[in-house]
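Colleague: Below is the file coords31.cif, which contains mmCIF, C-alpha atoms.
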data_entry
loop_
_atom_site.label_atom_id
_atom_site.label_comp_id
_atom_site.auth_asym_id
_atom_site.auth_seq_id
_atom_site.Cartn_x
_atom_site.Cartn_y
_atom_site.Cartn_z
CA MET B 236 -20.60 -90.36 47.28
CA LEU B 237 -19.42 -89.51 50.75
CA GLU B 238 -21.83 -90.76 53.35
CA LYS B 239 -22.71 -88.88 56.50
CA THR B 240 -21.07 -91.69 58.43
CA ASN B 241 -17.77 -90.52 56.97
CA ILE B 242 -18.00 -87.32 58.98
CA ARG B 243 -15.44 -87.71 61.72
CA LYS B 244 -16.06 -84.50 63.57
CA SER B 245 -18.18 -81.38 63.42
CA CYS B 246 -18.09 -77.85 64.83
CA THR B 247 -20.93 -75.35 64.83
CA ILE B 248 -20.69 -71.70 65.79
CA GLU B 249 -23.94 -69.76 66.00
CA GLN B 250 -26.02 -67.80 68.49
CA HIS B 251 -23.02 -67.13 70.70
CA GLN B 252 -22.24 -70.81 71.15
CA ILE B 253 -19.49 -73.15 69.96
CA VAL B 254 -20.47 -76.79 69.75
CA VAL B 255 -18.07 -79.58 68.83
CA ASP B 256 -19.60 -82.99 68.18
CA ASP B 257 -22.82 -81.97 69.91
CA LYS B 258 -20.93 -80.83 73.01
CA LEU B 259 -21.11 -77.19 74.09
CA ILE B 260 -17.52 -75.95 74.30
CA TRP B 261 -17.93 -72.22 74.70
CA SER B 262 -20.70 -69.69 74.98
CA SER B 263 -21.10 -66.03 75.84
CA GLU B 264 -23.90 -63.75 76.90
CA PRO B 265 -26.41 -63.46 74.03
CA HIS B 266 -26.36 -59.65 73.93
CA VAL B 267 -22.64 -59.23 73.18
CA SER B 268 -21.38 -58.26 69.73
CA PHE B 269 -19.76 -60.83 67.49
CA SER B 270 -16.44 -59.09 68.06
CA ASP B 271 -16.67 -59.61 71.82
CA PHE B 272 -17.97 -63.14 71.42
CA ALA B 273 -15.08 -63.98 69.09
CA LYS B 274 -12.52 -62.43 71.42
CA GLY B 275 -13.85 -64.48 74.33
CA ALA B 276 -13.81 -67.66 72.26
CA PHE B 277 -10.26 -66.91 71.15
CA LEU B 278 -9.01 -66.24 74.69
CA HIS B 279 -10.67 -69.50 75.78
CA LEU B 280 -8.34 -71.31 73.36
CA ASP B 281 -5.34 -69.91 75.28
CA ILE B 282 -3.09 -69.66 72.22
CA ASP B 283 -0.55 -67.02 71.25
CA TYR B 284 -1.64 -65.76 67.83
CA PRO B 285 -1.89 -61.94 67.75
CA LYS B 286 -2.76 -62.00 64.04
CA PHE B 287 -6.27 -63.04 65.11
CA TYR B 288 -7.04 -59.50 66.26
CA LYS B 289 -6.26 -58.12 62.82
CA MET B 290 -8.65 -60.41 60.96
CA ASP B 291 -12.04 -59.34 59.69
CA ALA B 292 -15.16 -60.92 61.18
CA LEU B 293 -15.49 -63.63 58.53
CA SER B 294 -11.90 -64.74 59.03
CA LYS B 295 -12.31 -64.71 62.81
CA LEU B 296 -15.37 -66.92 62.46
CA ALA B 297 -13.65 -69.37 60.13
CA PHE B 298 -10.46 -69.31 62.21
CA LEU B 299 -12.33 -70.13 65.43
CA ALA B 300 -14.35 -72.93 63.84
CA ALA B 301 -11.18 -74.45 62.38
CA GLU B 302 -9.27 -74.01 65.63
CA TYR B 303 -11.90 -75.80 67.69
CA ILE B 304 -12.52 -78.63 65.24
CA LEU B 305 -8.82 -79.27 64.52
CA GLN B 306 -7.75 -79.64 68.13
CA GLU B 307 -5.85 -82.93 68.45
CA GLU B 308 -6.47 -83.71 64.78
CA ASP B 309 -3.93 -84.86 62.18
CA LYS B 310 -3.54 -82.05 59.65
CA ASP B 311 -1.35 -83.95 57.22
CA GLU B 312 -2.70 -83.55 53.65
CA LEU B 313 -5.88 -81.95 54.91
CA ALA B 314 -7.79 -80.11 52.15
CA LEU B 315 -10.05 -77.17 52.81
CA VAL B 316 -13.38 -76.54 51.08
CA LEU B 317 -15.58 -73.71 52.31
CA ALA B 318 -18.73 -71.94 51.19
CA ASN B 319 -20.98 -69.07 52.20
CA ARG B 320 -23.72 -66.78 50.96
CA SER B 321 -22.30 -63.27 51.44
CA GLY B 322 -18.75 -63.77 50.30
CA SER B 323 -16.72 -60.96 51.88
CA LEU B 324 -19.58 -58.44 51.59
CA ASP B 325 -19.37 -57.37 55.25
CA THR B 326 -15.79 -56.22 54.76
CA ASP B 327 -16.50 -54.96 51.24
CA VAL B 328 -19.03 -52.55 52.76
CA LYS B 329 -16.53 -51.34 55.37
CA HIS B 330 -13.93 -50.77 52.66
CA GLN B 331 -16.43 -48.93 50.49
CA GLU B 332 -17.32 -46.65 53.41
CA SER B 333 -13.65 -45.78 53.90
CA ILE B 334 -13.39 -44.49 50.33
CA GLN B 335 -16.86 -42.94 50.10
CA ASP B 336 -15.92 -39.36 50.98
CA PRO B 337 -13.60 -37.76 48.38
CA GLU B 338 -12.53 -35.18 51.00
CA HIS B 339 -11.51 -37.83 53.51
CA PHE B 340 -10.23 -40.59 51.30
CA TYR B 341 -8.32 -42.99 53.54
CA PRO B 342 -8.68 -46.59 52.36
CA ARG B 343 -7.53 -48.96 55.09
CA PRO B 344 -5.00 -51.52 53.78
CA ALA B 345 -5.81 -53.85 56.68
CA THR B 346 -9.48 -53.82 55.62
CA PHE B 347 -8.82 -54.06 51.90
CA VAL B 348 -6.84 -57.29 52.19
CA TYR B 349 -9.99 -59.03 53.49
CA THR B 350 -12.19 -58.04 50.55
CA LEU B 351 -12.05 -61.57 49.17
CA ALA B 352 -14.04 -64.43 50.69
CA ASN B 353 -11.28 -67.01 50.37
CA ILE B 354 -8.90 -65.00 52.55
CA CYS B 355 -10.49 -66.73 55.54
CA ALA B 356 -9.41 -70.07 54.05
CA GLY B 357 -5.91 -68.65 53.71
CA GLU B 358 -5.88 -67.66 57.37
CA ILE B 359 -6.76 -71.23 58.33
CA ALA B 360 -4.11 -72.62 56.00
CA ILE B 361 -1.43 -70.32 57.40
CA ARG B 362 -2.34 -71.10 60.99
CA HIS B 363 -2.30 -74.87 60.49
CA GLY B 364 0.37 -75.13 57.82
CA LEU B 365 -2.00 -76.60 55.24
CA GLN B 366 -0.41 -76.86 51.80
CA THR B 367 -3.04 -78.95 50.10
CA GLU B 368 -6.00 -78.08 47.87
CA HIS B 369 -8.48 -75.48 48.92
CA ALA B 370 -11.57 -73.92 47.40
CA PHE B 371 -14.25 -71.43 48.34
CA PHE B 372 -17.76 -71.44 46.87
CA VAL B 373 -20.34 -68.67 47.10
CA ALA B 374 -23.94 -69.86 46.93
CA GLU B 375 -27.35 -68.91 48.26
CA GLU B 376 -27.56 -72.09 50.32
CA PHE B 377 -24.96 -74.64 51.38
CA PRO B 378 -23.99 -76.33 48.07
CA GLU B 379 -23.81 -79.77 49.60
CA GLU B 380 -23.86 -81.66 46.33
CA THR B 381 -21.06 -79.59 44.78
CA ILE B 382 -18.90 -79.66 47.88
CA THR B 383 -19.47 -83.35 48.45
CA ALA B 384 -18.50 -84.10 44.87
CA TYR B 385 -15.39 -81.93 45.16
CA ALA B 386 -14.37 -83.47 48.47
CA ASN B 387 -14.94 -86.90 47.00
CA TYR B 388 -12.72 -86.05 44.05
CA LEU B 389 -9.95 -84.79 46.35
CA LEU B 390 -9.98 -88.00 48.34
CA GLN B 391 -10.29 -90.40 45.41
CA SER B 392 -7.60 -88.68 43.37
CA GLY B 393 -5.20 -88.82 46.28
CA LYS B 394 -4.90 -85.04 46.47
CA ALA B 395 -5.89 -85.15 50.13
CA LYS B 396 -6.19 -87.65 52.93
CA ARG B 397 -8.98 -85.78 54.64
CA VAL B 398 -11.13 -82.76 53.95
CA LEU B 399 -12.17 -79.94 56.25
CA TYR B 400 -15.30 -78.51 54.71
CA GLY B 401 -18.36 -76.50 55.53
CA TRP B 402 -20.21 -73.22 55.72
CA VAL B 403 -18.82 -69.96 57.13
CA GLU B 404 -21.27 -67.09 56.75
CA TYR B 405 -20.96 -63.62 58.25
CA PHE B 406 -22.76 -60.40 57.38
CA GLN B 407 -23.35 -57.49 59.77
CA GLU B 408 -23.51 -59.47 63.02
CA ALA B 409 -25.45 -62.40 61.53
CA TYR B 410 -23.18 -65.42 61.52
CA ARG B 411 -23.10 -69.18 61.27
CA ALA B 412 -20.24 -71.60 60.84
CA VAL B 413 -20.62 -75.34 60.43
CA LEU B 414 -17.45 -77.28 59.70
CA TYR B 415 -16.94 -80.99 59.22
CA ILE B 416 -13.92 -83.21 58.89
CA PHE B 417 -14.23 -86.04 56.40
CA MET T 138 7.95 -34.55 71.89
CA THR T 139 6.98 -36.78 74.80
CA ALA T 140 3.30 -36.00 74.24
CA LEU T 141 3.65 -36.77 70.54
CA LYS T 142 5.29 -40.11 71.33
CA GLU T 143 2.45 -41.04 73.67
CA GLU T 144 -0.14 -39.97 71.12
CA LEU T 145 1.61 -41.92 68.37
CA LYS T 146 1.85 -45.08 70.47
CA LYS T 147 -1.88 -44.95 71.17
CA GLN T 148 -2.65 -44.39 67.48
CA ILE T 149 -0.45 -47.31 66.42
CA ILE T 150 -2.04 -49.63 68.98
CA ASN T 151 -5.47 -48.56 67.76
CA VAL T 152 -5.01 -48.77 63.99
CA LEU T 153 -2.96 -51.98 64.11
CA ASN T 154 -5.25 -53.72 66.61
CA LEU T 155 -2.36 -54.53 68.94
CA GLU T 156 -4.42 -56.19 71.66
CA ASP T 157 -2.77 -56.66 75.03
CA ILE T 158 -0.12 -54.02 74.27
CA THR T 159 -0.14 -50.70 76.12
CA PRO T 160 1.81 -47.54 75.28
CA GLU T 161 4.10 -48.35 78.22
CA ASP T 162 5.04 -51.64 76.55
CA ILE T 163 6.51 -49.86 73.52
CA GLN T 164 10.01 -48.50 74.06
CA ASP T 165 10.89 -45.33 72.14
CA ASP T 166 13.91 -46.93 70.45
CA GLU T 167 12.42 -50.41 70.02
CA ALA T 168 12.27 -51.84 66.49
CA LEU T 169 8.72 -51.74 65.13
CA PHE T 170 9.29 -54.38 62.45
CA ASP T 171 10.92 -57.82 62.43
CA GLU T 172 11.89 -58.23 66.06
CA GLY T 173 10.35 -55.80 68.54
CA LEU T 174 6.64 -55.35 67.80
CA GLY T 175 6.85 -57.72 64.83
CA LEU T 176 4.78 -55.63 62.46
CA ASP T 177 4.30 -56.78 58.86
CA SER T 178 3.97 -55.20 55.40
CA ILE T 179 0.24 -54.50 55.76
CA ASP T 180 1.00 -52.74 59.04
CA ALA T 181 3.53 -50.60 57.18
CA LEU T 182 0.80 -49.52 54.76
CA GLU T 183 -1.44 -48.69 57.71
CA LEU T 184 1.31 -46.51 59.16
CA ILE T 185 1.57 -44.65 55.86
CA VAL T 186 -2.19 -43.99 55.99
CA LEU T 187 -1.88 -42.91 59.63
CA MET T 188 0.85 -40.40 58.77
CA ASP T 189 -1.37 -38.92 56.06
CA LYS T 190 -4.62 -38.89 58.01
CA GLU T 191 -3.35 -37.65 61.37
CA TYR T 192 -0.38 -35.51 60.43
CA GLY T 193 -0.92 -34.57 56.79
CA ILE T 194 2.30 -36.27 55.71
CA LYS T 195 2.22 -38.00 52.34
CA LEU T 196 5.04 -40.47 51.85
CA SER T 197 5.48 -40.39 48.09
CA ASP T 198 8.43 -42.78 48.25
CA PRO T 199 7.51 -45.93 50.21
CA LYS T 200 11.22 -46.78 50.45
CA LEU T 201 11.55 -43.93 52.92
CA GLY T 202 9.31 -45.88 55.26
CA LYS T 203 12.10 -48.25 56.18
CA SER T 204 14.07 -45.53 57.94
CA ILE T 205 11.09 -43.50 59.17
CA PHE T 206 9.32 -46.50 60.70
CA GLN T 207 12.35 -47.88 62.50
CA SER T 208 11.04 -46.87 65.90
CA ILE T 209 8.78 -44.46 67.74
CA GLU T 210 11.82 -42.21 68.06
CA THR T 211 12.41 -42.00 64.30
CA MET T 212 8.71 -41.60 63.56
CA THR T 213 8.21 -38.72 65.97
CA THR T 214 11.32 -36.97 64.66
CA TYR T 215 10.03 -37.22 61.08
CA ILE T 216 6.50 -36.15 62.07
CA SER T 217 7.81 -33.12 63.99
CA GLU T 218 9.82 -31.97 61.01
CA ASN T 219 7.22 -32.63 58.31
CA ARG T 220 3.72 -32.45 59.75
CA THR T 221 1.21 -30.13 58.05
CA LYS T 222 -1.55 -30.54 60.65
#
As structure tokens - that is how I would like this structure written.
Modeller:
Amino acid sequence: MLEKTNIRKSCTIEQHQIVVDDKLIWSSEPHVSFSDFAKGAFLHLDIDYPKFYKMDALSKLAFLAAEYILQEEDKDELALVLANRSGSLDTDVKHQESIQDPEHFYPRPATFVYTLANICAGEIAIRHGLQTEHAFFVAEEFPEETITAYANYLLQSGKAKRVLYGWVEYFQEAYRAVLYIF
Amino acid sequence: MTALKEELKKQIINVLNLEDITPEDIQDDEALFDEGLGLDSIDALELIVLMDKEYGIKLSDPKLGKSIFQSIETMTTYISENRTK
């Protein structure tokens, strides 16, 4: 089993705050929307990546958590294992609304492409050039035992040198991301 | 035509979430894909939806998009000649 002591770094995003290894890195006013919070957190990174603005909320959340935790980290053979409760339901609802009215039937391609939970893992992989294993689990609560076992397998089988894993949950303005690097 | 170009630029910026780009930043003859604005294939699909929703133009042959979506100039010419609303 992987012990907690094997956690090299952590990043938590919730309640308009970004905390890396228990240090507050970024925060915004508590009344702002997630969209505005995410934009502020992205601009704080000072990176040129216009694709960010096209992502859905779940991908923005996962992208930001990964961006903050992976700063100055070696990404060679880094696997990615994520989980959440709502899957891509937030975007699924938006897509469904766009096709609800038969008289005004205009499905948005840019919304539709995010109607899978693991797209957020893909966004992280593209951004950081990760070509290793990745998986996405949907569960009511953080499936620590399953993810730990999977991460353990990836490391012991030599499929990865390190694992970025954690929880990235977003549904209608309620959000929480907790990522770890093993 | 100038008003249509301005309107189209604003619509493109809006539907494609082109943050930090203003209508003044987009030249009428600038390439929308590859170099220029650097739009991608999903953006192309969004432009097809935009043409339908805002101007009543249904592009039945997606291959036509390559020439229509070359620039603001080519888009406005096509819209002017084919719009139904």
Colleague: Please determine the contact residues of chain B with respect to chain T at a cut-off of 9 Å, counting only C-alpha atoms, and supply them as a short mmCIF file (atom, residue, chain, number, x, y, z; two decimals) with C-alpha atoms, keeping the file's coordinate frame.
Modeller:
data_model
loop_
_atom_site.label_atom_id
_atom_site.label_comp_id
_atom_site.auth_asym_id
_atom_site.auth_seq_id
_atom_site.Cartn_x
_atom_site.Cartn_y
_atom_site.Cartn_z
CA PRO B 285 -1.89 -61.94 67.75
CA LYS B 286 -2.76 -62.00 64.04
CA TYR B 288 -7.04 -59.50 66.26
CA LYS B 289 -6.26 -58.12 62.82
CA HIS B 339 -11.51 -37.83 53.51
CA PHE B 340 -10.23 -40.59 51.30
CA TYR B 341 -8.32 -42.99 53.54
CA PRO B 342 -8.68 -46.59 52.36
CA ARG B 343 -7.53 -48.96 55.09
CA PRO B 344 -5.00 -51.52 53.78
CA ALA B 345 -5.81 -53.85 56.68
CA VAL B 348 -6.84 -57.29 52.19
#
Colleague: Name the residues in contact with Thr159 of chain T at a cut-off of 9 Å, using all atoms listed in the file, excluding same-chain residues fewer than 6 positions from it; report them as a ChimeraX atom specification.
Modeller: /T:146-147,150
Colleague: At a cut-off of 12 Å from (-16.8, -62.7, 72.3) in the coordinates of the file, what residues are picked up using all atoms listed in the file, written as a VMD selection string?
Modeller: chain B and resid 248 to 253 261 to 279 288 292 295 to 296 299 408
Colleague: Which is closer to Phe377 of chain B than all the others in B:Leu390, B:Ala300, B:Leu317, B:Leu324, using only C-alpha atoms?
Modeller: B:Leu317
Colleague: Choose the residue, out of B:Ile361, B:Thr350, B:Lys244, B:Lys394, that has the smallest atom-to-atom separation from Glu307 of chain B; count all atoms listed in the file.
Modeller: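 Ranking B:Ile361, B:Thr350, B:Lys244, B:Lys394 by distance to Glu307 of chain B, first place goes to B:Lys244.
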Colleague: When you look at segment 198-215 of chain T with a cut-off of 8 Å (counting all atoms listed in the file), what residues show up, excluding the ones that are within fewer than 5 positions of it in the same chain? I need them as a PyMOL selection string.
Modeller: chain T and resi 138+141-142+145-146+164-170+181+185
Colleague: Take the residues from that selection and write them out as an mmCIF file, in the frame of the given file, keeping C-alpha atoms.
Modeller:
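Below is the file result03.cif, written as the result:
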data_model
loop_
_atom_site.group_PDB
_atom_site.id
_atom_site.type_symbol
_atom_site.label_atom_id
_atom_site.label_comp_id
_atom_site.auth_asym_id
_atom_site.auth_seq_id
_atom_site.Cartn_x
_atom_site.Cartn_y
_atom_site.Cartn_z
ATOM 1 C CA MET T 138 7.950 -34.550 71.890
ATOM 2 C CA LEU T 141 3.650 -36.770 70.540
ATOM 3 C CA LYS T 142 5.290 -40.110 71.330
ATOM 4 C CA LEU T 145 1.610 -41.920 68.370
ATOM 5 C CA LYS T 146 1.850 -45.080 70.470
ATOM 6 C CA GLN T 164 10.010 -48.500 74.060
ATOM 7 C CA ASP T 165 10.890 -45.330 72.140
ATOM 8 C CA ASP T 166 13.910 -46.930 70.450
ATOM 9 C CA GLU T 167 12.420 -50.410 70.020
ATOM 10 C CA ALA T 168 12.270 -51.840 66.490
ATOM 11 C CA LEU T 169 8.720 -51.740 65.130
ATOM 12 C CA PHE T 170 9.290 -54.380 62.450
ATOM 13 C CA ALA T 181 3.530 -50.600 57.180
ATOM 14 C CA ILE T 185 1.570 -44.650 55.860
#
Colleague: My structure is short of atoms at segment 138-151 of chain T; please model N, CA and C atoms there, returning them as a tab-separated table (two decimals), keeping the file's coordinate frame.
Modeller:
chain	number	residue	atom	x	y	z
T	138	MET	N	7.53	-33.29	72.55
T	138	MET	CA	7.95	-34.55	71.89
T	138	MET	C	7.43	-35.77	72.65
T	139	THR	N	7.47	-35.67	73.99
T	139	THR	CA	6.98	-36.78	74.80
T	139	THR	C	5.50	-36.99	74.57
T	140	ALA	N	4.74	-35.90	74.49
T	140	ALA	CA	3.30	-36.00	74.24
T	140	ALA	C	3.03	-36.61	72.87
T	141	LEU	N	3.82	-36.22	71.89
T	141	LEU	CA	3.65	-36.77	70.54
T	141	LEU	C	3.94	-38.27	70.53
T	142	LYS	N	4.96	-38.67	71.26
T	142	LYS	CA	5.29	-40.11	71.33
T	142	LYS	C	4.14	-40.90	71.95
T	143	GLU	N	3.57	-40.38	73.02
T	143	GLU	CA	2.45	-41.04	73.67
T	143	GLU	C	1.24	-41.13	72.74
T	144	GLU	N	0.98	-40.01	72.06
T	144	GLU	CA	-0.14	-39.97	71.12
T	144	GLU	C	0.07	-40.98	70.00
T	145	LEU	N	1.28	-41.02	69.48
T	145	LEU	CA	1.61	-41.92	68.37
T	145	LEU	C	1.49	-43.39	68.79
T	146	LYS	N	1.96	-43.70	69.98
T	146	LYS	CA	1.85	-45.08	70.47
T	146	LYS	C	0.39	-45.52	70.55
T	147	LYS	N	-0.45	-44.63	71.06
T	147	LYS	CA	-1.88	-44.95	71.17
T	147	LYS	C	-2.51	-45.13	69.79
T	148	GLN	N	-2.11	-44.28	68.85
T	148	GLN	CA	-2.65	-44.39	67.48
T	148	GLN	C	-2.22	-45.70	66.83
T	149	ILE	N	-0.97	-46.06	67.02
T	149	ILE	CA	-0.45	-47.31	66.42
T	149	ILE	C	-1.17	-48.51	67.01
T	150	ILE	N	-1.34	-48.53	68.32
T	150	ILE	CA	-2.04	-49.63	68.98
T	150	ILE	C	-3.46	-49.74	68.44
T	151	ASN	N	-4.08	-48.59	68.23
T	151	ASN	CA	-5.47	-48.56	67.76
T	151	ASN	C	-5.59	-49.03	66.31
